[in-house]
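Raw input.cif, mmCIF, C-alpha atoms and all ligand atoms:
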data_model
loop_
_atom_site.label_atom_id
_atom_site.label_comp_id
_atom_site.auth_asym_id
_atom_site.auth_seq_id
_atom_site.Cartn_x
_atom_site.Cartn_y
_atom_site.Cartn_z
CA MET A 1 0.00 0.00 0.00
CA ASN A 2 2.93 2.33 0.70
CA GLU A 3 4.16 1.62 -2.80
CA VAL A 4 0.75 2.49 -4.22
CA ASN A 5 0.65 5.78 -2.31
CA LYS A 6 4.10 6.60 -3.59
CA TRP A 7 2.98 6.02 -7.19
CA LYS A 8 -0.19 7.97 -6.59
CA ALA A 9 1.84 10.97 -5.46
CA GLU A 10 4.26 10.65 -8.34
CA LEU A 11 1.87 9.98 -11.23
CA PRO A 12 -1.25 12.14 -11.32
CA LEU A 13 -3.28 9.68 -13.42
CA ILE A 14 -3.03 6.86 -10.87
CA GLY A 15 -5.62 8.43 -8.52
CA PRO A 16 -8.32 8.74 -11.21
CA MET A 17 -7.44 5.26 -12.51
CA MET A 18 -7.99 3.83 -9.04
CA GLU A 19 -11.41 5.50 -9.15
CA ARG A 20 -11.98 3.69 -12.48
CA GLU A 21 -12.19 6.92 -14.44
CA GLU A 22 -11.49 6.96 -18.16
CA VAL A 23 -8.03 8.47 -18.71
CA LEU A 24 -5.58 9.11 -21.56
CA TRP A 25 -1.84 8.81 -21.01
CA LEU A 26 0.79 10.02 -23.45
CA ASN A 27 4.02 8.07 -23.32
CA PRO A 28 7.00 10.35 -22.59
CA GLN A 29 9.37 7.61 -23.74
CA VAL A 30 8.09 7.33 -27.29
CA GLU A 31 10.79 8.09 -29.83
CA SER A 32 11.50 7.92 -33.53
CA THR A 33 11.24 4.50 -35.10
CA ALA A 34 14.81 4.74 -36.34
CA THR A 35 16.23 4.98 -32.82
CA ALA A 36 13.60 2.69 -31.30
CA LEU A 37 14.18 -0.31 -33.57
CA PRO A 38 17.78 -1.01 -32.48
CA LYS A 39 16.53 -1.17 -28.87
CA THR A 40 14.53 -4.33 -29.44
CA SER A 41 15.67 -7.84 -30.21
CA VAL A 42 12.73 -8.29 -32.61
CA THR A 43 13.68 -7.49 -36.19
CA ALA A 44 12.05 -6.74 -39.53
CA LYS A 45 13.50 -10.01 -40.75
CA ASP A 46 11.66 -11.95 -38.02
CA VAL A 47 8.38 -10.41 -39.18
CA GLN A 48 9.23 -11.12 -42.84
CA ASP A 49 9.91 -14.72 -41.87
CA ALA A 50 6.51 -15.00 -40.24
CA SER A 51 4.87 -13.47 -43.29
CA ASP A 52 6.64 -15.94 -45.59
CA ARG A 53 5.60 -18.85 -43.38
CA LEU A 54 1.95 -17.80 -43.56
CA LYS A 55 2.28 -17.68 -47.35
CA ARG A 56 3.72 -21.22 -47.40
CA PHE A 57 0.76 -22.43 -45.36
CA ALA A 58 -1.84 -20.56 -47.46
CA PRO A 59 -2.59 -23.53 -49.79
CA TYR A 60 -3.22 -25.73 -46.74
CA ILE A 61 -5.42 -23.11 -45.03
CA ALA A 62 -7.44 -22.60 -48.23
CA HIS A 63 -7.89 -26.38 -48.46
CA VAL A 64 -9.08 -27.03 -44.89
CA PHE A 65 -10.96 -23.76 -44.24
CA PRO A 66 -13.20 -23.16 -47.27
CA GLU A 67 -14.08 -19.68 -45.94
CA THR A 68 -10.53 -18.66 -46.89
CA THR A 69 -10.56 -19.83 -50.52
CA ALA A 70 -11.56 -16.36 -51.75
CA SER A 71 -8.40 -14.93 -50.15
CA ASN A 72 -6.29 -17.91 -51.31
CA GLY A 73 -5.71 -19.09 -47.76
CA ILE A 74 -4.50 -15.75 -46.41
CA ILE A 75 -6.31 -14.96 -43.17
CA GLU A 76 -7.07 -11.25 -43.42
CA SER A 77 -9.85 -8.80 -42.60
CA PRO A 78 -11.18 -5.81 -44.51
CA ILE A 79 -10.70 -2.14 -43.71
CA THR A 80 -14.07 -0.41 -43.76
CA ALA A 81 -14.87 3.31 -43.71
CA ILE A 82 -17.47 4.11 -41.03
CA PRO A 83 -18.76 7.63 -41.82
CA GLN A 84 -22.13 7.16 -40.06
CA MET A 85 -20.33 6.10 -36.90
CA LYS A 86 -18.10 9.14 -37.23
CA ALA A 87 -21.18 11.36 -37.35
CA ALA A 88 -22.67 9.50 -34.38
CA LEU A 89 -19.46 10.03 -32.36
CA ALA A 90 -19.57 13.78 -33.10
CA ASN A 91 -23.15 13.81 -31.91
CA GLU A 92 -22.41 11.76 -28.79
CA TYR A 93 -19.17 13.47 -27.70
CA GLY A 94 -19.32 16.86 -29.37
CA VAL A 95 -15.93 16.13 -30.90
CA GLU A 96 -15.59 16.10 -34.63
CA VAL A 97 -13.08 13.79 -36.29
CA LEU A 98 -11.98 15.71 -39.38
CA GLY A 99 -9.92 12.94 -40.94
CA GLU A 100 -11.32 9.68 -42.21
CA LEU A 101 -12.50 7.13 -39.64
CA LEU A 102 -11.72 3.54 -40.61
CA LEU A 103 -12.43 0.21 -38.96
CA LYS A 104 -9.98 -2.68 -39.21
CA GLU A 105 -12.45 -5.53 -39.03
CA ASP A 106 -10.67 -8.34 -37.22
CA ASN A 107 -14.13 -9.17 -35.94
CA ALA A 108 -14.54 -10.66 -39.43
CA LEU A 109 -11.26 -12.58 -39.55
CA PRO A 110 -11.95 -16.07 -40.87
CA ILE A 111 -11.61 -19.23 -38.75
CA SER A 112 -11.96 -17.72 -35.28
CA GLY A 113 -13.50 -14.27 -35.64
CA SER A 114 -11.00 -12.29 -33.58
CA ILE A 115 -7.54 -10.77 -33.66
CA LYS A 116 -6.31 -14.07 -32.12
CA ALA A 117 -6.64 -15.63 -35.57
CA ARG A 118 -3.38 -13.78 -36.32
CA GLY A 119 -0.94 -14.70 -33.56
CA GLY A 120 -2.62 -17.86 -32.29
CA ILE A 121 -2.96 -19.58 -35.63
CA TYR A 122 0.52 -18.49 -36.66
CA GLU A 123 2.17 -20.07 -33.62
CA VAL A 124 0.33 -23.38 -34.12
CA LEU A 125 1.34 -23.47 -37.79
CA LYS A 126 4.94 -22.70 -36.94
CA HIS A 127 5.03 -25.52 -34.40
CA ALA A 128 3.44 -27.92 -36.91
CA GLU A 129 6.03 -26.93 -39.51
CA THR A 130 8.90 -27.45 -37.07
CA LEU A 131 7.68 -30.97 -36.24
CA ALA A 132 7.02 -31.86 -39.90
CA LEU A 133 10.50 -30.67 -40.92
CA GLU A 134 12.12 -32.56 -38.04
CA HIS A 135 10.33 -35.76 -39.03
CA GLY A 136 11.19 -35.36 -42.70
CA LEU A 137 7.56 -35.14 -43.80
CA ILE A 138 8.08 -31.95 -45.79
CA THR A 139 10.63 -29.43 -47.04
CA ALA A 140 10.03 -25.67 -47.10
CA GLU A 141 9.94 -25.81 -50.92
CA GLU A 142 7.03 -28.26 -51.15
CA ASP A 143 3.31 -27.50 -51.40
CA TYR A 144 2.04 -27.20 -47.83
CA ALA A 145 -1.39 -28.50 -48.86
CA LYS A 146 0.34 -31.78 -47.92
CA PHE A 147 -0.33 -30.90 -44.26
CA ALA A 148 -3.87 -32.19 -44.84
CA GLN A 149 -2.57 -35.73 -45.47
CA PRO A 150 -2.98 -38.44 -42.82
CA GLU A 151 0.73 -38.95 -42.09
CA PHE A 152 0.77 -35.38 -40.77
CA SER A 153 -2.24 -35.75 -38.47
CA ASN A 154 -0.82 -39.10 -37.31
CA LEU A 155 2.37 -37.33 -36.28
CA PHE A 156 0.56 -34.41 -34.63
CA ALA A 157 -1.74 -36.78 -32.72
CA GLU A 158 1.34 -37.85 -30.72
CA HIS A 159 2.00 -34.22 -29.79
CA LYS A 160 0.18 -31.88 -27.46
CA ILE A 161 -0.53 -28.19 -27.55
CA ALA A 162 -1.75 -26.28 -24.49
CA VAL A 163 -2.76 -22.69 -23.85
CA GLY A 164 -4.27 -20.56 -21.08
CA SER A 165 -6.97 -18.18 -22.22
CA THR A 166 -9.92 -15.96 -21.37
CA GLY A 167 -11.59 -17.38 -24.49
CA ASN A 168 -10.57 -16.01 -27.88
CA LEU A 169 -6.98 -17.25 -27.88
CA GLY A 170 -8.34 -20.64 -26.82
CA LEU A 171 -10.71 -20.59 -29.81
CA SER A 172 -7.93 -19.83 -32.30
CA ILE A 173 -5.41 -22.28 -30.88
CA GLY A 174 -8.04 -24.94 -30.29
CA ILE A 175 -9.61 -24.77 -33.75
CA MET A 176 -6.28 -24.68 -35.60
CA SER A 177 -4.61 -27.37 -33.47
CA ALA A 178 -7.59 -29.72 -33.69
CA LYS A 179 -7.71 -29.26 -37.47
CA LEU A 180 -4.07 -30.30 -37.79
CA GLY A 181 -4.69 -33.30 -35.53
CA PHE A 182 -2.92 -32.20 -32.33
CA ASP A 183 -4.01 -33.32 -28.88
CA VAL A 184 -4.95 -29.85 -27.63
CA THR A 185 -5.93 -28.54 -24.18
CA VAL A 186 -7.27 -25.06 -23.46
CA HIS A 187 -7.06 -23.83 -19.85
CA MET A 188 -9.93 -21.39 -19.47
CA SER A 189 -10.29 -18.66 -16.87
CA ALA A 190 -13.54 -18.29 -14.93
CA ASP A 191 -14.73 -15.38 -17.09
CA ALA A 192 -14.59 -17.39 -20.33
CA LYS A 193 -17.97 -17.64 -22.03
CA GLN A 194 -19.88 -20.93 -22.00
CA TRP A 195 -20.44 -20.88 -25.79
CA LYS A 196 -16.68 -20.73 -26.37
CA LYS A 197 -16.12 -23.78 -24.17
CA ASP A 198 -18.97 -25.63 -25.90
CA MET A 199 -17.68 -24.81 -29.36
CA LEU A 200 -14.19 -26.04 -28.50
CA ARG A 201 -15.44 -29.28 -26.96
CA GLU A 202 -17.50 -29.91 -30.09
CA LYS A 203 -14.30 -29.69 -32.11
CA GLY A 204 -12.56 -32.24 -29.93
CA VAL A 205 -10.57 -29.81 -27.79
CA THR A 206 -10.02 -30.59 -24.09
CA VAL A 207 -11.23 -27.64 -22.03
CA VAL A 208 -10.08 -27.30 -18.40
CA GLU A 209 -11.98 -24.72 -16.37
CA TYR A 210 -10.59 -22.62 -13.51
CA ALA A 211 -12.42 -20.71 -10.84
CA ASP A 212 -9.74 -18.02 -11.03
CA ASP A 213 -8.75 -15.34 -13.55
CA TYR A 214 -6.58 -15.41 -16.65
CA SER A 215 -3.16 -15.35 -14.92
CA LYS A 216 -4.09 -18.46 -12.95
CA ALA A 217 -5.28 -20.34 -16.05
CA VAL A 218 -2.00 -19.51 -17.81
CA GLU A 219 0.08 -20.48 -14.79
CA GLU A 220 -1.67 -23.85 -14.38
CA GLY A 221 -1.49 -24.56 -18.10
CA ARG A 222 2.22 -23.72 -18.16
CA ARG A 223 2.90 -25.93 -15.13
CA GLN A 224 1.12 -28.95 -16.61
CA ALA A 225 2.74 -28.47 -20.01
CA ASP A 226 6.25 -28.05 -18.55
CA ALA A 227 5.99 -31.54 -17.08
CA ASP A 228 5.42 -33.04 -20.54
CA PRO A 229 8.20 -32.90 -23.17
CA LEU A 230 5.73 -33.66 -25.98
CA CYS A 231 3.59 -30.66 -25.05
CA HIS A 232 4.07 -27.23 -26.62
CA PHE A 233 2.72 -24.51 -24.36
CA ILE A 234 1.60 -21.35 -26.13
CA ASP A 235 2.62 -18.70 -23.67
CA ASP A 236 0.43 -15.63 -24.19
CA GLU A 237 2.53 -13.70 -21.67
CA ASN A 238 5.92 -14.28 -23.30
CA SER A 239 5.61 -15.68 -26.79
CA LEU A 240 7.71 -14.16 -29.57
CA ASP A 241 5.88 -16.28 -32.16
CA LEU A 242 2.49 -14.91 -31.16
CA PHE A 243 3.94 -11.40 -31.38
CA LEU A 244 5.35 -12.05 -34.86
CA GLY A 245 2.07 -13.53 -36.08
CA TYR A 246 0.32 -10.32 -35.05
CA ALA A 247 3.07 -8.14 -36.52
CA VAL A 248 2.44 -9.43 -40.07
CA ALA A 249 -0.68 -7.22 -39.95
CA GLY A 250 1.59 -4.20 -40.56
CA GLU A 251 2.47 -5.00 -44.16
CA ARG A 252 -1.10 -6.15 -44.83
CA VAL A 253 -2.55 -2.83 -43.60
CA ALA A 254 0.02 -0.93 -45.65
CA ALA A 255 -1.08 -2.80 -48.79
CA GLN A 256 -4.77 -2.30 -48.00
CA LEU A 257 -4.42 1.43 -47.37
CA LYS A 258 -2.42 1.84 -50.55
CA GLU A 259 -5.06 -0.08 -52.48
CA ARG A 260 -7.85 2.17 -51.20
CA GLY A 261 -5.79 5.29 -51.89
CA THR A 262 -5.28 6.32 -48.25
CA LEU A 263 -2.07 8.29 -48.02
CA VAL A 264 0.21 7.81 -45.00
CA ASP A 265 3.23 10.11 -44.84
CA ALA A 266 4.67 12.99 -42.81
CA ASP A 267 1.71 15.22 -43.72
CA HIS A 268 -0.88 12.44 -43.50
CA PRO A 269 -0.36 10.63 -40.19
CA LEU A 270 -2.13 7.41 -39.30
CA PHE A 271 -3.59 7.05 -35.80
CA VAL A 272 -4.32 3.48 -34.73
CA TYR A 273 -6.33 2.41 -31.66
CA LEU A 274 -5.74 -1.10 -30.37
CA PRO A 275 -7.66 -2.91 -27.60
CA CYS A 276 -5.15 -4.42 -25.17
CA GLY A 277 -5.32 -7.43 -22.87
CA VAL A 278 -1.96 -9.02 -22.06
CA GLY A 279 -0.42 -6.95 -24.87
CA GLY A 280 0.72 -9.42 -27.54
CA GLY A 281 -2.00 -8.55 -30.05
CA PRO A 282 -1.74 -4.76 -29.93
CA GLY A 283 2.02 -4.93 -29.33
CA GLY A 284 2.67 -7.15 -32.32
CA VAL A 285 0.36 -5.15 -34.57
CA ALA A 286 1.91 -1.85 -33.43
CA PHE A 287 5.38 -3.21 -34.10
CA GLY A 288 4.36 -4.34 -37.59
CA LEU A 289 2.79 -0.94 -38.26
CA LYS A 290 5.98 0.83 -37.13
CA LEU A 291 7.98 -1.32 -39.55
CA ALA A 292 5.56 -0.41 -42.34
CA PHE A 293 5.00 3.30 -41.63
CA GLY A 294 7.76 4.38 -39.23
CA ASP A 295 7.04 7.71 -37.54
CA HIS A 296 3.97 8.33 -39.68
CA VAL A 297 1.91 5.95 -37.54
CA ARG A 298 0.90 6.64 -33.93
CA CYS A 299 -0.29 3.67 -31.91
CA PHE A 300 -2.59 3.94 -28.90
CA PHE A 301 -3.57 1.01 -26.69
CA ALA A 302 -7.04 0.81 -25.11
CA GLU A 303 -7.88 -0.99 -21.86
CA PRO A 304 -10.93 -1.39 -19.62
CA THR A 305 -11.03 0.93 -16.60
CA HIS A 306 -11.11 -2.21 -14.40
CA SER A 307 -8.07 -3.84 -16.09
CA PRO A 308 -5.49 -1.23 -17.11
CA CYS A 309 -2.51 -3.55 -16.63
CA MET A 310 -0.48 -2.31 -19.62
CA LEU A 311 -1.02 1.33 -18.74
CA LEU A 312 0.01 0.82 -15.10
CA GLY A 313 3.01 -1.23 -16.24
CA MET A 314 4.13 1.38 -18.76
CA MET A 315 3.63 4.39 -16.48
CA THR A 316 5.54 2.88 -13.60
CA GLY A 317 8.03 0.93 -15.70
CA LEU A 318 7.18 -2.08 -13.53
CA HIS A 319 5.45 -3.99 -16.37
CA ASP A 320 4.73 -7.57 -15.21
CA GLN A 321 5.88 -6.80 -11.65
CA LEU A 322 2.46 -5.40 -10.79
CA SER A 323 -1.18 -6.35 -11.09
CA VAL A 324 -4.25 -4.13 -11.30
CA GLN A 325 -5.37 -5.72 -8.02
CA ASP A 326 -2.37 -4.04 -6.34
CA PHE A 327 -4.09 -0.76 -7.19
CA GLY A 328 -7.43 -1.83 -5.77
CA LEU A 329 -8.95 -2.70 -9.13
CA ASP A 330 -10.95 -5.91 -9.55
CA ASN A 331 -10.04 -6.91 -13.15
CA LYS A 332 -13.72 -7.50 -13.85
CA THR A 333 -14.93 -6.47 -17.28
CA ALA A 334 -17.36 -7.71 -19.91
CA ALA A 335 -14.65 -7.16 -22.50
CA ASP A 336 -13.46 -10.66 -23.36
CA GLY A 337 -9.75 -10.85 -23.92
CA LEU A 338 -9.14 -7.62 -22.00
CA ALA A 339 -9.72 -8.99 -18.48
CA VAL A 340 -6.02 -9.27 -17.77
CA GLY A 341 -4.54 -8.14 -14.45
CA THR A 342 -0.86 -8.32 -15.36
CA ALA A 343 0.56 -7.35 -18.76
CA SER A 344 3.25 -9.18 -20.67
CA GLY A 345 6.64 -7.93 -19.50
CA PHE A 346 8.19 -8.73 -22.85
CA VAL A 347 5.60 -6.72 -24.76
CA GLY A 348 5.56 -3.81 -22.29
CA LYS A 349 9.33 -3.39 -22.43
CA THR A 350 9.38 -3.78 -26.20
CA MET A 351 6.68 -1.11 -26.58
CA GLU A 352 8.39 1.55 -24.43
CA PRO A 353 9.85 3.51 -27.38
CA PHE A 354 7.02 2.69 -29.86
CA MET A 355 3.71 3.31 -28.08
CA THR A 356 2.39 6.86 -28.41
CA GLY A 357 -0.17 6.47 -25.65
CA CYS A 358 -2.68 4.36 -23.80
CA TYR A 359 -6.16 5.08 -22.48
CA THR A 360 -8.94 3.43 -20.53
CA ILE A 361 -12.61 2.93 -21.31
CA GLY A 362 -15.52 1.88 -19.09
CA ASP A 363 -17.67 -1.16 -19.85
CA GLU A 364 -20.77 1.08 -20.11
CA THR A 365 -19.04 3.08 -22.84
CA MET A 366 -18.15 -0.07 -24.77
CA PHE A 367 -21.77 -1.27 -24.62
CA LYS A 368 -23.07 2.14 -25.66
CA LEU A 369 -20.72 2.20 -28.65
CA LEU A 370 -21.61 -1.39 -29.50
CA LYS A 371 -25.24 -0.34 -29.89
CA LEU A 372 -24.22 2.79 -31.79
CA ILE A 373 -22.17 0.96 -34.43
CA THR A 374 -24.90 -1.66 -34.85
CA ASP A 375 -27.46 1.11 -35.41
CA THR A 376 -25.31 3.29 -37.67
CA GLU A 377 -23.20 0.85 -39.66
CA GLY A 378 -24.88 -2.50 -39.10
CA ILE A 379 -21.56 -3.93 -37.87
CA ARG A 380 -21.78 -6.40 -34.99
CA LEU A 381 -18.88 -6.38 -32.59
CA GLU A 382 -18.15 -7.83 -29.17
CA PRO A 383 -17.65 -5.30 -26.34
CA SER A 384 -13.81 -5.46 -26.37
CA ALA A 385 -13.80 -4.57 -30.06
CA LEU A 386 -15.24 -1.15 -29.18
CA ALA A 387 -12.37 -0.22 -26.86
CA GLY A 388 -10.58 1.48 -29.75
CA MET A 389 -13.57 3.62 -30.65
CA THR A 390 -13.09 6.41 -28.09
CA GLY A 391 -9.48 6.78 -29.21
CA PRO A 392 -10.06 9.49 -31.84
CA VAL A 393 -12.22 11.46 -29.40
CA ASN A 394 -9.61 11.17 -26.65
CA VAL A 395 -6.64 12.27 -28.75
CA ILE A 396 -8.53 15.19 -30.28
CA ARG A 397 -9.73 16.36 -26.85
CA GLU A 398 -6.19 16.09 -25.50
CA ASN A 399 -4.85 18.13 -28.46
CA VAL A 400 -2.46 15.42 -29.56
CA GLU A 401 -0.48 16.81 -32.46
CA TYR A 402 -2.18 16.27 -35.87
CA ALA A 403 -5.13 14.43 -34.28
CA ASP A 404 -7.59 17.10 -35.38
CA SER A 405 -6.11 17.45 -38.86
CA ALA A 406 -8.30 16.64 -41.85
CA ASN A 407 -5.20 14.91 -43.27
CA ALA A 408 -5.03 12.38 -40.44
CA THR A 409 -6.54 8.92 -40.79
CA HIS A 410 -7.96 7.25 -37.68
CA LEU A 411 -7.98 3.45 -37.77
CA VAL A 412 -9.94 1.73 -35.01
CA TRP A 413 -8.92 -1.91 -34.64
CA SER A 414 -12.06 -3.90 -33.98
CA THR A 415 -10.80 -7.12 -32.46
CA GLY A 416 -13.68 -9.57 -32.36
CA GLY A 417 -17.32 -10.35 -32.88
CA SER A 418 -18.35 -12.57 -35.74
CA MET A 419 -18.41 -15.79 -33.70
CA VAL A 420 -20.64 -14.39 -30.95
CA PRO A 421 -24.01 -16.24 -30.90
CA GLU A 422 -27.15 -14.28 -31.75
CA GLU A 423 -28.66 -14.40 -28.22
CA GLU A 424 -25.41 -13.21 -26.68
CA MET A 425 -25.26 -10.32 -29.13
CA ALA A 426 -28.86 -9.38 -28.32
CA THR A 427 -27.91 -9.17 -24.63
CA TYR A 428 -24.97 -6.89 -25.43
CA TYR A 429 -27.16 -4.66 -27.57
CA ALA A 430 -29.78 -4.42 -24.83
CA LYS A 431 -27.08 -3.37 -22.35
CA GLY A 432 -26.00 -0.65 -24.75
CA ALA A 433 -29.58 0.53 -24.90
CA GLY A 434 -29.57 0.80 -21.12
CA GLN A 435 -31.94 -2.12 -20.56
C1 LIG A 501 -7.12 -11.01 -26.96
C2 LIG A 501 -7.95 -9.93 -27.40
C3 LIG A 501 -7.49 -8.61 -27.41
C4 LIG A 501 -6.14 -8.17 -26.92
O1 LIG A 501 -5.04 -8.98 -27.25
P1 LIG A 501 -3.88 -9.21 -26.18
O2 LIG A 501 -2.85 -9.95 -26.93
O3 LIG A 501 -4.45 -10.03 -25.07
O4 LIG A 501 -3.46 -7.88 -25.70
C5 LIG A 501 -8.36 -7.64 -27.84
N1 LIG A 501 -9.61 -7.93 -28.25
C6 LIG A 501 -10.07 -9.18 -28.27
C7 LIG A 501 -11.47 -9.43 -28.74
C8 LIG A 501 -9.27 -10.22 -27.85
O5 LIG A 501 -9.75 -11.46 -27.85
#
Just dump the structure as structure tokens.
Ligand SMILES: *Cc1c(COP(=O)(O)O)cnc(C)c1O
Amino acid sequence: MNEVNKWKAELPLIGPMMEREEVLWLNPQVESTATALPKTSVTAKDVQDASDRLKRFAPYIAHVFPETTASNGIIESPITAIPQMKAALANEYGVEVLGELLLKEDNALPISGSIKARGGIYEVLKHAETLALEHGLITAEEDYAKFAQPEFSNLFAEHKIAVGSTGNLGLSIGIMSAKLGFDVTVHMSADAKQWKKDMLREKGVTVVEYADDYSKAVEEGRRQADADPLCHFIDDENSLDLFLGYAVAGERVAAQLKERGTLVDADHPLFVYLPCGVGGGPGGVAFGLKLAFGDHVRCFFAEPTHSPCMLLGMMTGLHDQLSVQDFGLDNKTAADGLAVGTASGFVGKTMEPFMTGCYTIGDETMFKLLKLITDTEGIRLEPSALAGMTGPVNVIRENVEYADSANATHLVWSTGGSMVPEEEMATYYAKGAGQ
């Protein structure tokens, strides 16, 4: 408690955060991409490698997931302009976004309907490739559609994959691992939704339930997996592969913006708003965007007021050495994937020179915006996917440089939604309507 009082005195935002107010923090440590890149061990080549690997697997993905045949087995989501939502935000907040407002629709990502279809699926594929290469089943030059053949699933059936999750990572890892033939276990935290557990069990995934939160599910999963040499544990708190899978989004967004004629340069900055749980998703994406756009992109992370673990970690520099509970917060939020009490230390440290800022958003705001985007744009998102939506309002209100320029583009990363069952969505919508 003494520690907390010390931080409260030192950092003026801590007090309001402990009262669960919505705040915006600007990172004093952010620096130019050119000087930031040499400070991290992650390189452009690592991200290129991940991108190449996903291309090798594309024929297999197209073969086993018919919903990806149109994109030739590349798992990607559209970027959609949301002008009606922009007008609704101006009406709601009295803040006009002069630049274009775009939505990166990871809610519509094929296979698992959330941003986890990037990192999670990538890490499973990489592990499958490593095993197949080791066992001489394939070379990197061959057609990876071969992964659908029985000798591959026979091999993978002897190997285990495990992960700890609040839900969406479990869906991605579970679906992909089961498809390849792995013996896969998902350790689910207490807040994980019943429909996610049911869906996984239907697909042959072992689901272990915990009465505790995300950190506990990860810890238990890691402990059980460590005891088994044939088990690969996908470590959401520390995984470089997850991070790289997310980072491939950078080059994809660059190509999509170019295609739609959206300019990003010194006079046309890109603001990106990324919902953050443990940090791998937004961290990886932000890193990829920095590689693609350098200083012309500004990345903001968004967290629930009850779970601002990344923000507390960044402000204090303590990263994974603290939990939101230390600051009297309960880590309870309806935002799936964002109910994380302790951020990834690896991601937090990596992000120090890259992240422009971080802000918090209340659950009520997410529900309100969920209803608003359904009404205005007909786009159905889960609550967490709305965390990015107050970003443009926050940065304009705070007079962040260029934020109010008509030349700026604001890209809200919507992180999940398409898998949510109808009844569940109706409940969310009703909450947004104040019922
Ligand atoms: C996991 C998740 C996030 C955040 O990703 P992290 O890697 O946990 O930071 C955001 N939105 C949704 C819907 C998620 O499932």
Hey, what's within 9 Å of range 263-272 of chain A if we count all atoms listed in the file and toss same-chain stuff fewer than 4 positions away? As a tab-separated table (two decimals) with C-alpha atoms, in the frame of the given file, please?
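Dumped everything to around-v4.tsv:
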chain	number	residue	atom	x	y	z
A	254	ALA	CA	0.02	-0.93	-45.65
A	257	LEU	CA	-4.42	1.43	-47.37
A	258	LYS	CA	-2.42	1.84	-50.55
A	286	ALA	CA	1.91	-1.85	-33.43
A	293	PHE	CA	5.00	3.30	-41.63
A	295	ASP	CA	7.04	7.71	-37.54
A	296	HIS	CA	3.97	8.33	-39.68
A	297	VAL	CA	1.91	5.95	-37.54
A	298	ARG	CA	0.90	6.64	-33.93
A	299	CYS	CA	-0.29	3.67	-31.91
A	300	PHE	CA	-2.59	3.94	-28.90
A	301	PHE	CA	-3.57	1.01	-26.69
A	388	GLY	CA	-10.58	1.48	-29.75
A	391	GLY	CA	-9.48	6.78	-29.21
A	392	PRO	CA	-10.06	9.49	-31.84
A	402	TYR	CA	-2.18	16.27	-35.87
A	403	ALA	CA	-5.13	14.43	-34.28
A	405	SER	CA	-6.11	17.45	-38.86
A	406	ALA	CA	-8.30	16.64	-41.85
A	407	ASN	CA	-5.20	14.91	-43.27
A	408	ALA	CA	-5.03	12.38	-40.44
A	409	THR	CA	-6.54	8.92	-40.79
A	410	HIS	CA	-7.96	7.25	-37.68
A	411	LEU	CA	-7.98	3.45	-37.77
A	412	VAL	CA	-9.94	1.73	-35.01
A	413	TRP	CA	-8.92	-1.91	-34.64
Just the residues within 9 Å of Glu158 in chain A, please, counting only C-alpha atoms, with nothing from its chain fewer than 6 positions along; format it as a JSON list (two decimals) with C-alpha atoms, in the coordinates of the input.
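Generated output (selection04.json):
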[["chain", "number", "residue", "atom", "x", "y", "z"],
["A", 181, "GLY", "CA", -4.69, -33.30, -35.53],
["A", 182, "PHE", "CA", -2.92, -32.20, -32.33],
["A", 183, "ASP", "CA", -4.01, -33.32, -28.88],
["A", 230, "LEU", "CA", 5.73, -33.66, -25.98]]
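Nearest-residue note for ligand LIG 501 (chain A): choosing from A:Thr35, A:Ser165, A:Asn331, A:Ser384, the minimum distance belongs to A:Ser384, counting only C-alpha atoms and all ligand atoms.
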9 Å from ligand LIG 501 (chain A) is the threshold here; counting only C-alpha atoms and all ligand atoms, which polymer residues fall inside it? Answer as JSON, numbers by chain.
{"A": [106, 107, 113, 114, 115, 116, 119, 165, 166, 167, 168, 169, 236, 237, 242, 243, 246, 274, 275, 276, 277, 278, 279, 280, 281, 282, 283, 284, 301, 302, 303, 310, 335, 336, 337, 338, 339, 340, 343, 344, 381, 382, 383, 384, 385, 386, 387, 413, 414, 415, 416, 417]}
Which polymer residues have any atom within 7 Å of an atom of Ile82 in chain A, counting all atoms listed in the file, with same-chain residues fewer than 6 positions away left out, as a list in words?
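With the cut-off at 7 Å, the set is Leu101, Leu102, Leu103 and Glu377 of chain A.
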Smallest atom-to-atom distance to Phe287 in chain A: which of A:Phe354, A:Tyr359, A:Phe327, A:Phe233, using only C-alpha atoms?
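Closest to Phe287 in chain A, using only C-alpha atoms: A:Phe354.
Using only C-alpha atoms, the shortest contact distance between Gln325 in chain A and any of A:Asp404, A:Asp143, A:Glu10, A:Asp213 is found at A:Asp213.
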Residue contacts of range 125-136 of chain A (8 Å, all atoms listed in the file) excluding same-chain residues fewer than 6 positions away, as a list in words:
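What passes the distance filter is Arg53, Phe57, Phe152, Phe156 and Leu180 of chain A.
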